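Worksheet: the structure to be examined is printed underneath.
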Amino acid sequence: MKKVKIVIVLILCAGWIYITNVKYQPIDSLGALTTYKTGLLSVPLLKSEIQEFSSNYKPTIYVDDVGIPHIYGDQKNDVAFGLGYMHAQDRYFQMELVTRTVQGRISEIFGQQSVGTDSFWKPYEFEAKSAELLEDYKVNAPEFYDYLLAYSEGVNTYLSSNKGTDPLYKIFGEAPREWKPEYSLLVTWYMSWSLTYFDEHITLNEVLTKLPEKEQEYFYPLQPKGLKTILPSTDHSIQLEQPKLIEEAIVQKPKEKMEDPFGFHENIGSNNWVVNATKTKDGKSILANDPHLYLALPEAFYEAHIVSDNLTAYGFSIPGVPVIVSGHNDVISWGITNGEWDLVDRYKLEVKDENLYLYEGEWVPFDEKKYTINVKGSDAITIKNNSTAHGKVIKGENNTYYAQHWYAANKSYSVKAIYEMMHGQNWNDFTDALKEYAYPPQNFIYNDINDNIGIVCAGKLPNREGIHVGQLLDGTKGVVASTALDTLWHTKNPSNNFLFSANQQPVQNNTYFGYHGLKDDYRVNRINSLLETKNDWGIEEIKSMQSDEVDLSFFEFKELLSLYEIPEEYQELVQRLENWDGDMKSSKNEALVYELLRRTVQDKASNFAQEHLKVSHAPSFKYFVKYLKDKEYTVAGSPSKKEILYEILSTVDETLKQYHGDAWKDETYKNLALINIRSISFLPGLGEKIENVGGNSNTINLNTKYSRPVFRSIYQMDKGSIKGYTILAGGQSGKINSKNYTNQLGLWKDGKYKESQYKSHPNELKNIDNIIKFN
Amino acid sequence: MKNAIKLWPYAICLLPQFFITDYLWYMIIIIAIGFLAKFVVRPKNVFVTLFVLELVTCAILFLVFNDRVFYLNGIFENLKLPALLSPVAFILFNAINMTVLFFTGYTLGKVVSIRKTIPAEE
């Protein structure tokens, strides 16, 4: 009996031990997480104190009450070290995730669920490319090489004595890995993936091959008329020759998630603008920037201030990279928006025996390579990657093969270009530095204390031979563009006294940047109209403009409504919008009604494209509404425009009544515009819900499923007085136990800002929480 | 004094959680202490005695370092879970866990001691 009792006890104990040891991959076991030293209780909080360390580099870091480090040192390498230390303190988990992702090593932390991600990244061999690039810098740019080394040492100095200070590492049962200088170069490819990996060539090819020329030009214009380009060159429409096209019978999209990049039109974007002294009430030029990205906690950017004898800058850096990508120094300021250039080519291959492709008259075998992916909690996986002379092989349905060439996967000197730009003292320095910039293409806006304003559309645009408008390319022939165009698109001090970019085309000529006719340009036009009409801009007005939520598409839709007789049952719906100003505020009922209408129009456009144009790519809102307003032209066999409009109204009327009943008139846009910000760890519960935000995909204060303003910044440049106002959609710290994890979200949501402390001497700083000294 | 000696395994058992950073080693050490305890402590109410001691220790630890896991309340709220989960996990669950580990070792000690006594009886 005693033995039986002991056996039962042992079985129960073993059961308990098993349960408390199960790792809910990738999360560590419950036993480990709740025990003091191995678990979350042992992770210390950052305290307000003065810390002193010894190091070869001697910066002093003053961290203010919102977590912004003000890093002072004698030399630029001292401040690079300090920036590395602070990036590691606040964002190391994020830095490790991003760099591991690009290397194809994220499964080593997240396990089986990330094998797809690693399978995408690994074949690009960015790990080896980053090491080669660093070697290149060592030989050809030793100063920048030393700068990267100092930054790396700063990161590792923090890690060496603070391994257990991030709860996320505890949760995943991991320890931070050592940082290497080349990791800073990996981040460029991650940003390039976010901002340039668009591939709509299959659906675009369908538009180009299936639609008659008239319908192409009507619904999908390559050179849209009236487009406000970045550089002053509007309406320089040039008729392109007809491109050589490949017939594609069935539209197929690759199945794998990572192979299915964002569409070109999906509102990944940003705003920046600058007005010179003539257009401001204080006589000081003002620069504004709000890049739009997928919001996550922590955000992609980190605010920092570095001061040394040979490098001073304030603004937003990307954790892992020791440069300020949007900010200012003593003389110049700069801001970024995504170029949104088409940097992907897709080739249609002729393949036989599943491993031979026809190339320049000969059957050539695929270049097959194998890669090993280490997976946490299970055995390593070997993947096979095929490529052709053009790029990565992608297999579609029905044995269709493509090769995809992503130009931004090449090695680029972009980080060094921004490093050089930060040193700039005038427009010439600025443009010279950006000549070297490659990927991801960005529109760098500029102003300086001497009231010069300018913009550079920087990046390496493929020199695609012949006529190329984004169609599928012939894989039996060679690579279309082996070099980049040797052109830097830029302009300075225009006669209208302002410049802006909102991801539109730099110029309109015969250069193919991307198929911008697929996109709406309401945000572009709103920025242009506001900047054009007002001549007394001040900081407060610029702040309001960054939070502007007027959707210009409403006025086109309103015009459409006025053209048709509205049936009695929809009168109430339409009347709601009669006196509305198009302001997509979350508190407005009209905003709710219009957003439903706008989305329904887009759905109808998509159906219309498939059923009547027989293509899968929907025309943009603008061109579909133009069609509905057009009393002269109707696509053969399609329903009348009145019918389509009534269907749109009916759908919205039903939706409103289905969800809200008769109380729909009291409902607001609040719930439809709700933002869910997820944690980069993808752990549930770590994100934030943001209510009472407005805007949509057409407003300056962008609010779409995929992107929102990740930060807002405003810099007023004047001799001896530079004022900055910034806000981040989240907080400075990526540590979930930090007070700075989400502390700026409330201000961000309300369109408020913090005044930045750009001080040449630390004695002038206020609200300092921590001081970190290195002796 | 004799009583004090008989209580030392309980006291020792509380210490590893403050020093051991690897959970596997932590478990092995607690089980080992439990095993040794079989030959030292009075065989009465071992589980309850240790559980009470662990409960007190874990409660003190939680109260002292509560601010370190304060963010969990927000996570539980987002997940629509009660905030009470935090003390339950760090006090009650942790105390049970350590007690079970100790008791596993203690029971294994019992098995060994029974095996030793069997030949003598035979």
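The way I read the labels, and the way they are meant: chains A, B, ... in the order of the structure tokens, residue 1 as the first residue of every chain, and ligand 1 as the first ligand shown, with later ones counted on from there.
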
Let's see if you can do this: from backbone DSSP, list all alpha helix (DSSP H) residues in chain B, as number ranges by chain.
B: 2-14, 16-19, 23-37, 46-65, 71-78, 85-87, 94-121

For chain B against chain A, with a cut-off of 7 Å and counting only C-alpha atoms, what is the closest atom pair and its distance in Å to one decimal for every residue that makes the cut, ordered by chain and number, as JSON lines?
```
{"residue": "B:Gln17", "atom": "CA", "partner": "A:Lys37", "partner_atom": "CA", "distance": 5.5}
{"residue": "B:Phe18", "atom": "CA", "partner": "A:Lys37", "partner_atom": "CA", "distance": 5.5}
{"residue": "B:Phe19", "atom": "CA", "partner": "A:Lys37", "partner_atom": "CA", "distance": 6.4}
{"residue": "B:Ile20", "atom": "CA", "partner": "A:Lys37", "partner_atom": "CA", "distance": 6.3}
{"residue": "B:Thr21", "atom": "CA", "partner": "A:Thr38", "partner_atom": "CA", "distance": 4.9}
{"residue": "B:Asp22", "atom": "CA", "partner": "A:Thr38", "partner_atom": "CA", "distance": 6.2}
{"residue": "B:Tyr23", "atom": "CA", "partner": "A:Ala32", "partner_atom": "CA", "distance": 5.5}
{"residue": "B:Phe65", "atom": "CA", "partner": "A:Leu41", "partner_atom": "CA", "distance": 6.3}
{"residue": "B:Arg68", "atom": "CA", "partner": "A:Leu41", "partner_atom": "CA", "distance": 6.0}
{"residue": "B:Val69", "atom": "CA", "partner": "A:Leu41", "partner_atom": "CA", "distance": 6.3}
{"residue": "B:Tyr71", "atom": "CA", "partner": "A:Asn737", "partner_atom": "CA", "distance": 5.7}
{"residue": "B:Ile75", "atom": "CA", "partner": "A:Gly685", "partner_atom": "CA", "distance": 4.6}
{"residue": "B:Phe76", "atom": "CA", "partner": "A:Gly685", "partner_atom": "CA", "distance": 6.8}
{"residue": "B:Asn78", "atom": "CA", "partner": "A:Gly685", "partner_atom": "CA", "distance": 5.1}
{"residue": "B:Leu79", "atom": "CA", "partner": "A:Gly685", "partner_atom": "CA", "distance": 5.4}
{"residue": "B:Ala89", "atom": "CA", "partner": "A:Thr34", "partner_atom": "CA", "distance": 6.5}
{"residue": "B:Phe90", "atom": "CA", "partner": "A:Thr34", "partner_atom": "CA", "distance": 5.4}
{"residue": "B:Asn94", "atom": "CA", "partner": "A:Thr34", "partner_atom": "CA", "distance": 6.0}
{"residue": "B:Val100", "atom": "CA", "partner": "A:Cys13", "partner_atom": "CA", "distance": 6.2}
{"residue": "B:Thr104", "atom": "CA", "partner": "A:Cys13", "partner_atom": "CA", "distance": 5.9}
{"residue": "B:Thr107", "atom": "CA", "partner": "A:Ile6", "partner_atom": "CA", "distance": 6.8}
```

Quick one: everything within 9 Å of Gln505 in chain A, counting only C-alpha atoms, minus sequence neighbours fewer than 5 positions away in the same chain. Send it as number ranges by chain.
A: 227-231, 339-341, 513-514, 516

So the first atom is CA of Gly746 in chain A and the second is CA of Ala673 in chain A; what is the distance between them in Å, to one decimal place?
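Result for CA of Gly746 in chain A versus CA of Ala673 in chain A: 15.9 Å, one decimal.
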
Within 10 Å of range 552-559 of chain A, counting only C-alpha atoms, which residues qualify if same-chain residues fewer than 2 places away don't, as an NGL selection string?
:A and (520-526 or 549-550 or 561-564 or 574 or 577-578 or 580-584 or 591 or 594-595 or 597-598 or 601 or 621-622 or 625-626 or 628-629 or 698-699)

Please dump the current selection as a compact mmCIF listing (two decimals), in the first residue's frame; keep N, CA and C atoms.
```
# COMPACT_ATOMS: atom_id res chain seq x y z
N ASP A 520 -4.64 56.43 -56.18
CA ASP A 520 -5.35 57.71 -56.08
C ASP A 520 -4.36 58.78 -55.61
N ASP A 521 -4.66 60.03 -55.97
CA ASP A 521 -3.74 61.10 -55.59
C ASP A 521 -4.42 62.18 -54.75
N TYR A 522 -5.43 61.77 -53.97
CA TYR A 522 -6.16 62.76 -53.17
C TYR A 522 -5.28 63.37 -52.08
N ARG A 523 -4.43 62.55 -51.48
CA ARG A 523 -3.55 63.06 -50.42
C ARG A 523 -2.56 64.08 -51.02
N VAL A 524 -2.04 63.74 -52.18
CA VAL A 524 -1.12 64.64 -52.88
C VAL A 524 -1.81 65.97 -53.16
N ASN A 525 -3.02 65.89 -53.68
CA ASN A 525 -3.74 67.13 -54.04
C ASN A 525 -4.13 67.95 -52.82
N ARG A 526 -4.45 67.27 -51.72
CA ARG A 526 -4.81 67.99 -50.50
C ARG A 526 -3.59 68.78 -49.98
N GLU A 549 -7.63 65.73 -41.81
CA GLU A 549 -8.33 64.48 -42.15
C GLU A 549 -9.40 64.69 -43.20
N VAL A 550 -9.19 65.69 -44.04
CA VAL A 550 -10.16 65.94 -45.12
C VAL A 550 -9.87 65.01 -46.29
N LEU A 561 -23.14 62.11 -57.06
CA LEU A 561 -24.49 62.03 -56.51
C LEU A 561 -25.41 63.06 -57.14
N SER A 562 -24.82 64.23 -57.44
CA SER A 562 -25.65 65.31 -57.98
C SER A 562 -26.07 65.04 -59.43
N LEU A 563 -25.43 64.10 -60.08
CA LEU A 563 -25.73 63.83 -61.48
C LEU A 563 -26.92 62.90 -61.68
N TYR A 564 -27.28 62.19 -60.63
CA TYR A 564 -28.36 61.22 -60.77
C TYR A 564 -29.48 61.51 -59.77
N VAL A 574 -28.07 60.21 -48.40
CA VAL A 574 -27.40 61.24 -49.19
C VAL A 574 -27.50 62.60 -48.51
N LEU A 577 -24.86 63.79 -46.13
CA LEU A 577 -23.59 64.29 -46.65
C LEU A 577 -23.69 65.66 -47.32
N GLU A 578 -24.90 66.16 -47.39
CA GLU A 578 -25.11 67.40 -48.16
C GLU A 578 -24.26 68.57 -47.70
N TRP A 580 -21.73 68.38 -45.47
CA TRP A 580 -20.50 67.90 -44.83
C TRP A 580 -19.28 68.45 -45.57
N ASP A 581 -18.17 68.62 -44.82
CA ASP A 581 -16.97 69.21 -45.41
C ASP A 581 -15.89 68.18 -45.76
N GLY A 582 -16.22 66.90 -45.68
CA GLY A 582 -15.24 65.86 -46.06
C GLY A 582 -14.24 65.56 -44.97
N ASP A 583 -14.45 66.12 -43.78
CA ASP A 583 -13.49 65.91 -42.68
C ASP A 583 -13.77 64.56 -42.01
N MET A 584 -12.81 63.65 -42.12
CA MET A 584 -13.00 62.28 -41.63
C MET A 584 -12.72 62.16 -40.13
N ALA A 591 -18.68 60.89 -41.56
CA ALA A 591 -17.44 60.20 -41.89
C ALA A 591 -17.68 58.69 -41.98
N TYR A 594 -19.64 58.10 -45.25
CA TYR A 594 -18.82 58.25 -46.45
C TYR A 594 -17.77 57.15 -46.57
N GLU A 595 -17.16 56.77 -45.44
CA GLU A 595 -16.14 55.73 -45.53
C GLU A 595 -16.75 54.42 -46.05
N LEU A 597 -19.32 54.27 -48.00
CA LEU A 597 -19.56 54.49 -49.43
C LEU A 597 -18.27 54.34 -50.23
N ARG A 598 -17.21 54.92 -49.71
CA ARG A 598 -15.93 54.88 -50.41
C ARG A 598 -15.43 53.43 -50.57
N VAL A 601 -17.55 51.67 -53.10
CA VAL A 601 -17.17 52.05 -54.47
C VAL A 601 -15.96 51.21 -54.90
N PHE A 621 -10.21 54.47 -57.25
CA PHE A 621 -11.47 55.15 -56.93
C PHE A 621 -11.70 56.30 -57.93
N LYS A 622 -10.65 57.07 -58.13
CA LYS A 622 -10.74 58.26 -58.96
C LYS A 622 -11.24 57.93 -60.37
N VAL A 625 -14.90 56.47 -60.34
CA VAL A 625 -15.90 57.53 -60.17
C VAL A 625 -15.99 58.39 -61.43
N LYS A 626 -14.86 58.63 -62.04
CA LYS A 626 -14.85 59.38 -63.31
C LYS A 626 -15.73 58.66 -64.33
N LEU A 628 -18.20 56.58 -63.66
CA LEU A 628 -19.61 56.65 -63.26
C LEU A 628 -20.21 58.02 -63.59
N LYS A 629 -19.37 59.03 -63.63
CA LYS A 629 -19.87 60.38 -63.93
C LYS A 629 -19.99 60.62 -65.44
N ASN A 698 -7.00 58.39 -47.88
CA ASN A 698 -6.83 59.58 -48.72
C ASN A 698 -6.43 60.82 -47.93
N THR A 699 -6.37 60.72 -46.62
CA THR A 699 -6.14 61.93 -45.83
C THR A 699 -4.65 62.09 -45.47
```

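Distance check against Phe70 in chain B using only C-alpha atoms: of B:Ile30, B:Leu92, B:Leu85, B:Cys58, the minimum falls on B:Leu85.
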
Just the number, please: distance in Å from CA of Asn450 in chain A to CA of Gln504 in chain A, one decimal.
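About the pair CA of Asn450 in chain A and CA of Gln504 in chain A: they are 27.7 Å apart.
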
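Proximity ranking of A:Ala128, A:Tyr633, A:Leu311, A:Leu195 relative to Asp78 in chain A places A:Leu311 first, based on only C-alpha atoms.
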
Strand (DSSP E or B) residues, from DSSP on the backbone, in range 555-687 of chain A, as a ChimeraX atom specification:
/A:583,675-679
